[in-house]
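Contents: one structure, followed by commentary.
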Amino acid sequence: MARVKLNGHEIDVADGAPLVEVIKRAGVWISHLCYIDGLPPYAGCRSCLVAIEGARGLQLACTTKVADGMVVETETPEVKEMRQSVVAIINANHSDRCLTCHRRVKCMPGDICLRDDVVTHRCVTCSKNYRCELQTTNELLDMGFENVEPWVGEPRTYYQHAVPEPDRANPWLEFDPQMCIICTRCVRACDEIRHTGAITLAGRGFPTRIAFGAGGRVDESNCDFCGACIDVCPTATLMEKPNKWIARTEDWISTTCNSCSVGCTISIGTRDGRAVIVKPDRVNPVSADQVCVRGRFHYDAIPEKKRLQRHYVRRGPAGSAQFPAHWGELVEFAASRIKDVVSAHGAAAVGVLGSPFNTNEENYLAQKLARDVIGTPHVDSSGAAPDRAAARAIEAAFGTQALPSDMITLGRSDVVVVIADDLESSHNVAALRIKDAIVGNPLAPRNGKLVLVSALRGEMADFAEPYGGAWLRPRPGGEAAVADWLAKRARGEQAPSPALASGEIAGATAALDAAKDPAKTVSVVFATPRFDARAAAEGAKAAANLAIALRGERAAESLYILPAEANMNGMRDMGVEPRDGGMDAGAMLDAAASGALKALVVVGDNPLMFAPYRARTERALASLDALIVIDSELTDTAKLAHALFADVGTYAKAGTYSNAERRVNRLHAAQQAPGDARPALLALTDLANAVGGADTWAYAHPDDVTDEIAGRVPGYDRFRASFGMWGKARISSPATRSEVQSVAEGAMPERDGSMLLTAGRTLYTSIEGAAVHSPDADKLHREEFVEVHPADAAALRVSGGDEVTLVSPHGELTLRCMISGRVLEGVVFVPAYHDGGAVTSLLHGDGAAVAVQVKVRTPA
């Protein structure tokens, strides 16, 4: 530790810490327009000048390391004058007029500047007005009050030179080069924090500018729209495009992203009861200050008018149409339908579906409604089979599903094995932490090794072989066999080399040999497939076997199972899974189609989107005597409901999520309920009281349910509403055994001239938008295709953009073709959620791999 005197006050700080960070943490303002905490100093803006006793001249706080006995002054007249001079030079090539005008608060956006006839752009016409770091710096340095003109001693260039046009061609990020002060924060954040390198400095000397990719549009570069550059930009050069003119927020609400099971915590800026901007929130230490495109921009994937704002009941001849209903009428109608079914056919004729997008509190009440009020054991979720199969395989290996592994360790791993389709797309921030392990950053460089087992090419492949690791590429369905072969080799067993389409076994074995060193940190990551339960089980077994081979009795601490959706673990912890002889979702749909199941209560789920074999699902739902749906959107399932409760969206809810590592995070309501919509907790409570009798339940607030969960669900006792360890503690159990399991070979269908269909999560498609078939569910329109290998495209004589029809034994699907090297020859890939999960119309009921015929549509 070092003792430093800062502006006359002594403070104790870490010896060698960057002085600029020490000053900020002490609560003292200091300008630092080019510095990013945690990265090496760039020292480009020169605005963080300070006086240090004994030093020659003023010093840059960003390049200075603190030492014991250092005396620092940040507010002397000399320091302020020199900072003003430095900022004046920066202002000289910026739209500066308001920055140095003491009358700026009296101007309106439509007013003409009376001080300078060449001014065309200024603060009051900028969408970042009053939330701009450069503007704040000018104000706190009294640039306007003391009339520090930017062109004194410096040629004034901004208004006399042509500037590049803004790039507004994509839906999320606006790039306006004329606002840039060349601080390079965005370049360094993209390269050193996100490991993407989509932004660079182009040119030399005075014409130097920021550019994306090769200098074209943002959406033509390799930018993945994570928004890290927006967070660090001190001006309006990089802006969030949606709602940018109203993003001066009234409040910031901390909540949790619902886009994947990493559970990134986010802060939502609100205005007039609606979300207008999202930033990362550090509550979850894994995501920290990072988030992906879905977490940052999908909050407004569908407009409010497309959310359910009224409740409906089905009436008319043969229930021909849905009509609006008031709350009391709706509750009575739904309850009477359920009671009629129970009276005529017994409680076992009713099923309940929860959802991994529900909060823990909603899922807890859904299963409680089923088991305690209705009396049925049939509780599940339509897309839960793969994750349940993987969890059971993990429990068989270690005696627990709640592994003690902590995802914070991912970024510190020396060797990482990833078994996944495309981790960058399905679990983006988990992939980012693995990149941290491989390359680190300039202040903490790393030399980690990645062994990637994946049939689909994704961005993670770029961090495998180029950094001394390996990308083992089997054909789809062979991932578990390859991972299990690696486990056998690590145990010293002899086994035939696995069949690979490409990849160097030697690179993988070398990395795993190094992983046996007890001093090394090893992580094995398995992301469950979206539909195939058998592949999920075998993949989880293989991943567990590999962790055991590399880490023995401590294997459970090195294994990470990433469920497909946000709250899959929490949903199952709450009891939304088959127990005590209850049917799973597939069996419920079969029973409904055959007439054995008469009623289904669907809470936040959408079987027509998430359950494989869509034709079966359609028959099942159409056969029900009572379909009760609670949802915030008019999904395909909701359109069939006899009683439809209008729920609020995720970001209008309060409750909790349990992520992939069972880290429990809070959700706080950041948006107002649209129209007559009411939270699902209220619907479940009133429905339970109507079915079971008055005062069956008395939950006044989600916190009441949170506290009941803490008292009844194992492991959740530390998460009461009043003192929960949100984002910090995880629910985990020590492994009681480490058992190697036999892994079955993947059974792939015979091709016979057909092609193998694969489907998975993609990065840009909004689940909410896809659920209502929004044409802008993928606002970049990159994921609306079937991907076909170039050799197959040549054989089929199709070009990019041509329509093809995929035909399976269960249905057909027409899509435009994208010629892509991401897939292997003989394989096609369809995004899992495109057009409301349209690919489910081709799948078997168990989600297993299916062969499809590809028919080329010829123009009429």
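Chains: A, B, ... in order of the structure tokens. Residues: from 1 per chain. Ligands: from 1, in order shown.
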**OP:** Would you return as JSON, numbers by chain the members of stretch 310-438 of chain A that DSSP assigns to alpha helix (DSSP H) on this structure's backbone?
**Re:** {"A": [327, 328, 329, 330, 331, 332, 333, 334, 335, 336, 337, 338, 339, 340, 341, 342, 343, 344, 345, 360, 361, 362, 363, 364, 365, 366, 367, 368, 385, 386, 387, 388, 389, 390, 391, 392, 393, 394, 395, 396, 397, 398, 423, 424, 425, 426, 428, 429, 430, 431, 432, 433, 434, 435, 436, 437, 438]}
**OP:** Using DSSP on the backbone, list every residue of stretch 137-261 of chain A that comes out as strand (DSSP E), and give them as JSON, numbers by chain.
**Re:** {"A": [173, 174, 175, 199, 200, 201, 202, 209, 210, 211, 212, 238, 239, 240, 251, 252, 253, 254, 255, 256]}
Original post:
Could you pull the residues within 6 Å of A:Thr64, counting only C-alpha atoms, minus those fewer than 2 positions along the same chain, as a list in words?
Top reply: Pro18, Leu19, Ala61 and Cys62 of chain A
Original post:
To one decimal place, how far is atom CA of A:Tyr560 from atom CA of A:Gly746 in Å?
Top reply: 21.8 Å
Using only C-alpha atoms, find each residue in stretch 67-142 of chain A having at least one atom no more than 8 Å away from stretch 5-11 of chain A; report its shortest atom-to-atom pair and that distance in Å (one decimal), rows by chain then rising number, as JSON lines.
{"residue": "A:Gly69", "atom": "CA", "partner": "A:Lys5", "partner_atom": "CA", "distance": 7.2}
{"residue": "A:Met70", "atom": "CA", "partner": "A:Lys5", "partner_atom": "CA", "distance": 6.3}
{"residue": "A:Val71", "atom": "CA", "partner": "A:Lys5", "partner_atom": "CA", "distance": 4.7}
{"residue": "A:Val72", "atom": "CA", "partner": "A:Leu6", "partner_atom": "CA", "distance": 4.9}
{"residue": "A:Glu73", "atom": "CA", "partner": "A:Asn7", "partner_atom": "CA", "distance": 4.9}
{"residue": "A:Thr74", "atom": "CA", "partner": "A:Asn7", "partner_atom": "CA", "distance": 6.7}
{"residue": "A:Glu75", "atom": "CA", "partner": "A:Asn7", "partner_atom": "CA", "distance": 7.5}
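Between A:Arg473 and the candidates A:Arg822, A:Arg248, A:Arg185, A:Arg666, the tightest atom-to-atom separation, counting only C-alpha atoms, involves A:Arg822.
Interatomic distance, atom CA of A:Gly328 to atom CA of A:Ala680: 14.9 Å.
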Wanna dump the stretch 592-666 of chain A-stretch 578-583 of chain A contacts at 12 Å for me, each residue with its shortest atom pair and the distance in Å to one decimal, counting only C-alpha atoms, ordered by chain and number, as JSON lines?
{"residue": "A:Ala592", "atom": "CA", "partner": "A:Met583", "partner_atom": "CA", "distance": 11.4}
{"residue": "A:Ala596", "atom": "CA", "partner": "A:Met583", "partner_atom": "CA", "distance": 11.8}
{"residue": "A:Leu597", "atom": "CA", "partner": "A:Met583", "partner_atom": "CA", "distance": 10.4}
Taking only C-alpha atoms into account, produce a table as JSON lines in which each residue of stretch 188-276 of chain A with an atom at most 12 Å from an atom of stretch 508-531 of chain A appears once, together with its shortest atom pair and the distance in Å to one decimal, ordered by chain and rising number.
{"residue": "A:Cys260", "atom": "CA", "partner": "A:Ala527", "partner_atom": "CA", "distance": 11.0}
{"residue": "A:Ser261", "atom": "CA", "partner": "A:Ala527", "partner_atom": "CA", "distance": 10.0}
{"residue": "A:Val262", "atom": "CA", "partner": "A:Ala527", "partner_atom": "CA", "distance": 11.1}
Selection above as a file: all heavy atoms, as a PDB file, in the first residue's frame:
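Dumped everything to selection_27.pdb:
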ATOM      1  N   CYS A 260     -29.984 -15.284 -22.886  1.00  0.00           N
ATOM      2  CA  CYS A 260     -29.295 -16.571 -22.800  1.00  0.00           C
ATOM      3  C   CYS A 260     -29.025 -16.862 -21.334  1.00  0.00           C
ATOM      4  O   CYS A 260     -29.347 -16.063 -20.456  1.00  0.00           O
ATOM      5  CB  CYS A 260     -28.002 -16.597 -23.625  1.00  0.00           C
ATOM      6  SG  CYS A 260     -26.579 -15.825 -22.828  1.00  0.00           S
ATOM      7  N   SER A 261     -28.405 -18.002 -21.066  1.00  0.00           N
ATOM      8  CA  SER A 261     -28.243 -18.423 -19.671  1.00  0.00           C
ATOM      9  C   SER A 261     -27.000 -17.855 -18.993  1.00  0.00           C
ATOM     10  O   SER A 261     -26.725 -18.198 -17.842  1.00  0.00           O
ATOM     11  CB  SER A 261     -28.210 -19.951 -19.597  1.00  0.00           C
ATOM     12  OG  SER A 261     -27.131 -20.477 -20.342  1.00  0.00           O
ATOM     13  N   VAL A 262     -26.250 -16.974 -19.649  1.00  0.00           N
ATOM     14  CA  VAL A 262     -25.135 -16.317 -18.964  1.00  0.00           C
ATOM     15  C   VAL A 262     -25.674 -15.398 -17.869  1.00  0.00           C
ATOM     16  O   VAL A 262     -25.064 -15.230 -16.819  1.00  0.00           O
ATOM     17  CB  VAL A 262     -24.254 -15.537 -19.957  1.00  0.00           C
ATOM     18  CG1 VAL A 262     -23.168 -14.740 -19.229  1.00  0.00           C
ATOM     19  CG2 VAL A 262     -23.603 -16.497 -20.953  1.00  0.00           C
TER      20      VAL A 262
END
Subject >> Long-range neighbours of A:Ala638 as a ChimeraX atom specification, 12 Å cut-off, only C-alpha atoms, 2 positions minimum in chain >> reply: /A:307-308,311-314,322,600-609,621-622,627-636,640-647,771-772
Subject >> Best match for closeness to A:Leu353 among A:Lys541, A:His378, A:Lys339, A:Lys80, counting only C-alpha atoms >> reply: A:His378
Could you give me, as a Markdown table, every stretch 368-477 of chain A residue with an atom at most 6 Å from stretch 482-505 of chain A, plus its closest atom pair and distance in Å to one decimal, counting only C-alpha atoms, rows ordered by chain then number?
| residue | atom | partner | partner_atom | distance |
| --- | --- | --- | --- | --- |
| A:Trp471 | CA | A:Gly503 | CA | 5.4 |
| A:Leu472 | CA | A:Gly503 | CA | 4.5 |
| A:Arg473 | CA | A:Ser502 | CA | 5.2 |
| A:Pro474 | CA | A:Leu500 | CA | 4.3 |
Subject >> Interatomic distance (Å, one decimal) between atom CA of A:Leu456 and atom CA of A:Asp422 >> reply: 6.5 Å
